[in-house]
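S.K.: First, the structure itself, so that you have it in front of you.
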Amino acid sequence: MPNTDITPAMLLSRIKTRCENDFPFFVRYFFHARKNIKFVFNDHHYVICSDLMKVYNGEIQNYILNIPPRYSKTELVIILFTVWCYIKNPRCEFIHLSYSNPLALENSDAIREVIKSAEFKQLWPNLTIRDNKDAKGAWATSDNGQFLATAAGGSVTGFGAGRLDEWDESTGEFKFSGALLIDDPLKPDDARHDPMRNAVNRRWDETIKSRRNSPK
């Protein structure tokens, strides 16, 4: 017999708790909300999710993921992990870069759509995007979290990733507060050419990595 004592409010509370504490569950729930289809996990998806949890916990820094196209890299790392981090810490500050400004903006818009969705509002009604800062390329949460999306060669002046207070050096306490997210810094064809690779590597050394606020 079904348990008729479970109310809709109790069910939502359970879903909320699972989403906050179980990233793969969060992926399944919100991928279905986004696409109206089931996210089918393969072994590599669990590896990526495990790695992202280690990034969130401060156990991994400077994470690099190299896998072929269509293996869910952008969906997991850029879109859903970013949203999950905001529900854990709405003050997160992210910078997202890609070789293409339209691609970076498309990913940013996908994140905004999840946060604005009815399914998300059911669970976290107080976490919203500010009306006065709600553009595809730069937006902020109601708790003053920040998100900037642009091309890898674009301007990131005035923006930082992570927060200065996320790591207390005296106590060793760490609370994840954002990251630099770089998804395909070069077009596939450009990756074959030394001048293009050298240019994006110089961009990293001379500009991008200095945008990290946190020592983590």
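By convention here, the chains of the structure tokens are called A, B, ... in the order presented, each chain's residues are numbered starting at 1, and ligands are numbered starting at 1 in the order presented.
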Report as a count of residues only: the residues of stretch 9-208 of chain A with a DSSP assignment of strand (DSSP E), based on the backbone of this structure.
M.R.: 30
S.K.: Give me, as CSV, each residue of stretch 118-188 of chain A that comes within 9 Å of stretch 47-60 of chain A, together with its shortest interatomic pair and the distance in Å at one decimal, counting only C-alpha atoms, with rows ordered by chain and rising residue number.
M.R.:
```
residue,atom,partner,partner_atom,distance
A:Phe174,CA,A:Gly58,CA,6.9
A:Lys175,CA,A:Asn57,CA,7.4
A:Phe176,CA,A:Tyr56,CA,5.6
A:Ser177,CA,A:Tyr56,CA,8.5
A:Gly178,CA,A:Tyr56,CA,8.7
```
S.K.: Any chance you can output those residues with C-alpha atoms as a PDB file, in the first residue's frame?
M.R.:
```
ATOM      1  CA  PHE A 174      37.301  26.305   3.432  1.00  0.00           C
ATOM      2  CA  LYS A 175      33.962  27.201   1.862  1.00  0.00           C
ATOM      3  CA  PHE A 176      33.799  27.047  -1.921  1.00  0.00           C
ATOM      4  CA  SER A 177      32.809  30.399  -3.394  1.00  0.00           C
ATOM      5  CA  GLY A 178      33.240  30.179  -7.144  1.00  0.00           C
TER       6      GLY A 178
END
```
S.K.: For a quick check of understanding, using only C-alpha atoms, which of A:Phe159, A:Asn101, A:Val114, A:Phe23 has the smallest distance to A:Lys35?
M.R.: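 Ranking A:Phe159, A:Asn101, A:Val114, A:Phe23 by distance to A:Lys35, first place goes to A:Val114.
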S.K.: Can you check which residues of chain A DSSP gives as helix (DSSP H, G or I) on the backbone and send them as a ChimeraX atom specification?
M.R.: /A:8-21,23-35,43-56,73-88,101-116,118-123,190-192,194-206,208-211
S.K.: Restrict the selected residues to C-alpha atoms and save them as a compact mmCIF listing (two decimals), in the first residue's frame.
M.R.:
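The result, stored in out07.txt:
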```txt
# COMPACT_ATOMS: atom_id res chain seq x y z
CA PRO A 8 3.51 17.41 -1.08
CA ALA A 9 5.46 19.68 1.28
CA MET A 10 7.28 16.69 2.77
CA LEU A 11 8.14 15.40 -0.70
CA LEU A 12 9.53 18.77 -1.78
CA SER A 13 11.57 18.97 1.39
CA ARG A 14 13.03 15.55 0.68
CA ILE A 15 13.86 16.49 -2.91
CA LYS A 16 15.48 19.71 -1.74
CA THR A 17 17.67 17.89 0.77
CA ARG A 18 18.71 15.26 -1.79
CA CYS A 19 19.54 17.94 -4.36
CA GLU A 20 21.71 19.86 -1.92
CA ASN A 21 23.62 16.81 -0.67
CA PHE A 23 25.09 16.15 -6.90
CA PRO A 24 24.24 13.20 -9.20
CA PHE A 25 20.65 13.34 -7.90
CA PHE A 26 20.62 17.09 -8.59
CA VAL A 27 21.87 16.40 -12.13
CA ARG A 28 19.11 13.86 -12.77
CA TYR A 29 16.39 16.10 -11.34
CA PHE A 30 17.28 19.30 -13.16
CA PHE A 31 18.39 17.73 -16.43
CA HIS A 32 14.90 16.25 -16.65
CA ALA A 33 13.44 19.64 -15.72
CA ARG A 34 15.50 21.30 -18.47
CA LYS A 35 15.18 18.75 -21.27
CA ASP A 43 30.78 5.48 -15.68
CA HIS A 44 32.54 8.64 -16.83
CA HIS A 45 29.67 10.80 -15.54
CA TYR A 46 30.18 9.44 -12.03
CA VAL A 47 33.92 10.14 -12.29
CA ILE A 48 33.23 13.74 -13.33
CA CYS A 49 30.68 14.23 -10.54
CA SER A 50 33.13 12.82 -8.00
CA ASP A 51 35.87 15.15 -9.25
CA LEU A 52 33.56 18.16 -9.07
CA MET A 53 32.70 17.33 -5.48
CA LYS A 54 36.42 17.33 -4.72
CA VAL A 55 36.74 20.71 -6.41
CA TYR A 56 33.87 22.00 -4.27
CA LYS A 73 31.19 18.09 -20.17
CA THR A 74 29.42 21.42 -20.57
CA GLU A 75 26.15 20.17 -19.10
CA LEU A 76 27.80 18.82 -15.95
CA VAL A 77 30.70 21.20 -15.33
CA ILE A 78 29.50 24.54 -16.65
CA ILE A 79 25.72 24.50 -16.30
CA LEU A 80 24.59 22.14 -13.55
CA PHE A 81 27.65 22.33 -11.29
CA THR A 82 27.43 26.12 -11.32
CA VAL A 83 23.76 26.07 -10.34
CA TRP A 84 24.45 23.49 -7.63
CA CYS A 85 27.21 25.70 -6.20
CA TYR A 86 24.80 28.63 -6.00
CA ILE A 87 22.31 26.60 -3.96
CA LYS A 88 25.15 25.63 -1.62
CA ASN A 101 31.36 34.80 -27.00
CA PRO A 102 27.96 33.47 -28.22
CA LEU A 103 28.78 30.03 -26.76
CA ALA A 104 29.74 31.52 -23.38
CA LEU A 105 26.51 33.56 -23.38
CA GLU A 106 24.46 30.51 -24.33
CA ASN A 107 25.86 28.60 -21.35
CA SER A 108 25.24 31.57 -19.06
CA ASP A 109 21.66 31.78 -20.29
CA ALA A 110 21.14 28.07 -19.60
CA ILE A 111 22.24 28.61 -15.99
CA ARG A 112 19.88 31.57 -15.63
CA GLU A 113 17.02 29.53 -17.05
CA VAL A 114 17.51 26.81 -14.43
CA ILE A 115 17.51 29.36 -11.60
CA LYS A 116 14.37 31.01 -13.01
CA ALA A 118 9.41 26.74 -11.71
CA GLU A 119 11.12 23.58 -10.44
CA PHE A 120 13.97 25.61 -8.96
CA LYS A 121 11.65 28.21 -7.38
CA GLN A 122 9.69 25.41 -5.70
CA LEU A 123 12.81 24.38 -3.80
CA ASP A 190 42.82 26.60 -34.01
CA ALA A 191 44.16 24.03 -31.55
CA ARG A 192 46.29 22.65 -34.39
CA ASP A 194 51.07 26.89 -32.52
CA PRO A 195 50.44 30.67 -32.71
CA MET A 196 46.82 30.25 -31.58
CA ARG A 197 47.74 27.88 -28.74
CA ASN A 198 50.55 30.17 -27.62
CA ALA A 199 48.22 33.17 -27.68
CA VAL A 200 45.61 31.59 -25.43
CA ASN A 201 48.33 30.29 -23.08
CA ARG A 202 49.74 33.82 -22.81
CA ARG A 203 46.23 35.09 -22.14
CA TRP A 204 45.99 32.63 -19.23
CA ASP A 205 49.39 33.56 -17.79
CA GLU A 206 49.10 37.32 -18.25
CA ILE A 208 43.02 35.20 -16.75
CA LYS A 209 44.68 33.54 -13.76
CA SER A 210 45.07 36.92 -12.05
CA ARG A 211 41.26 37.09 -11.86
```
S.K.: Between A:Gly172, A:Gly154, A:Pro90, A:Leu97, which is the closest to A:Ser142 once you count only C-alpha atoms?
M.R.: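 For A:Ser142, the nearest of the given residues is A:Pro90.
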S.K.: Could you jot down the atom CA of A:Ala152 to atom CA of A:Ile129 separation for me, Å, one decimal place?
M.R.: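 Between atom CA of A:Ala152 and atom CA of A:Ile129 the gap works out to 24.3 Å.
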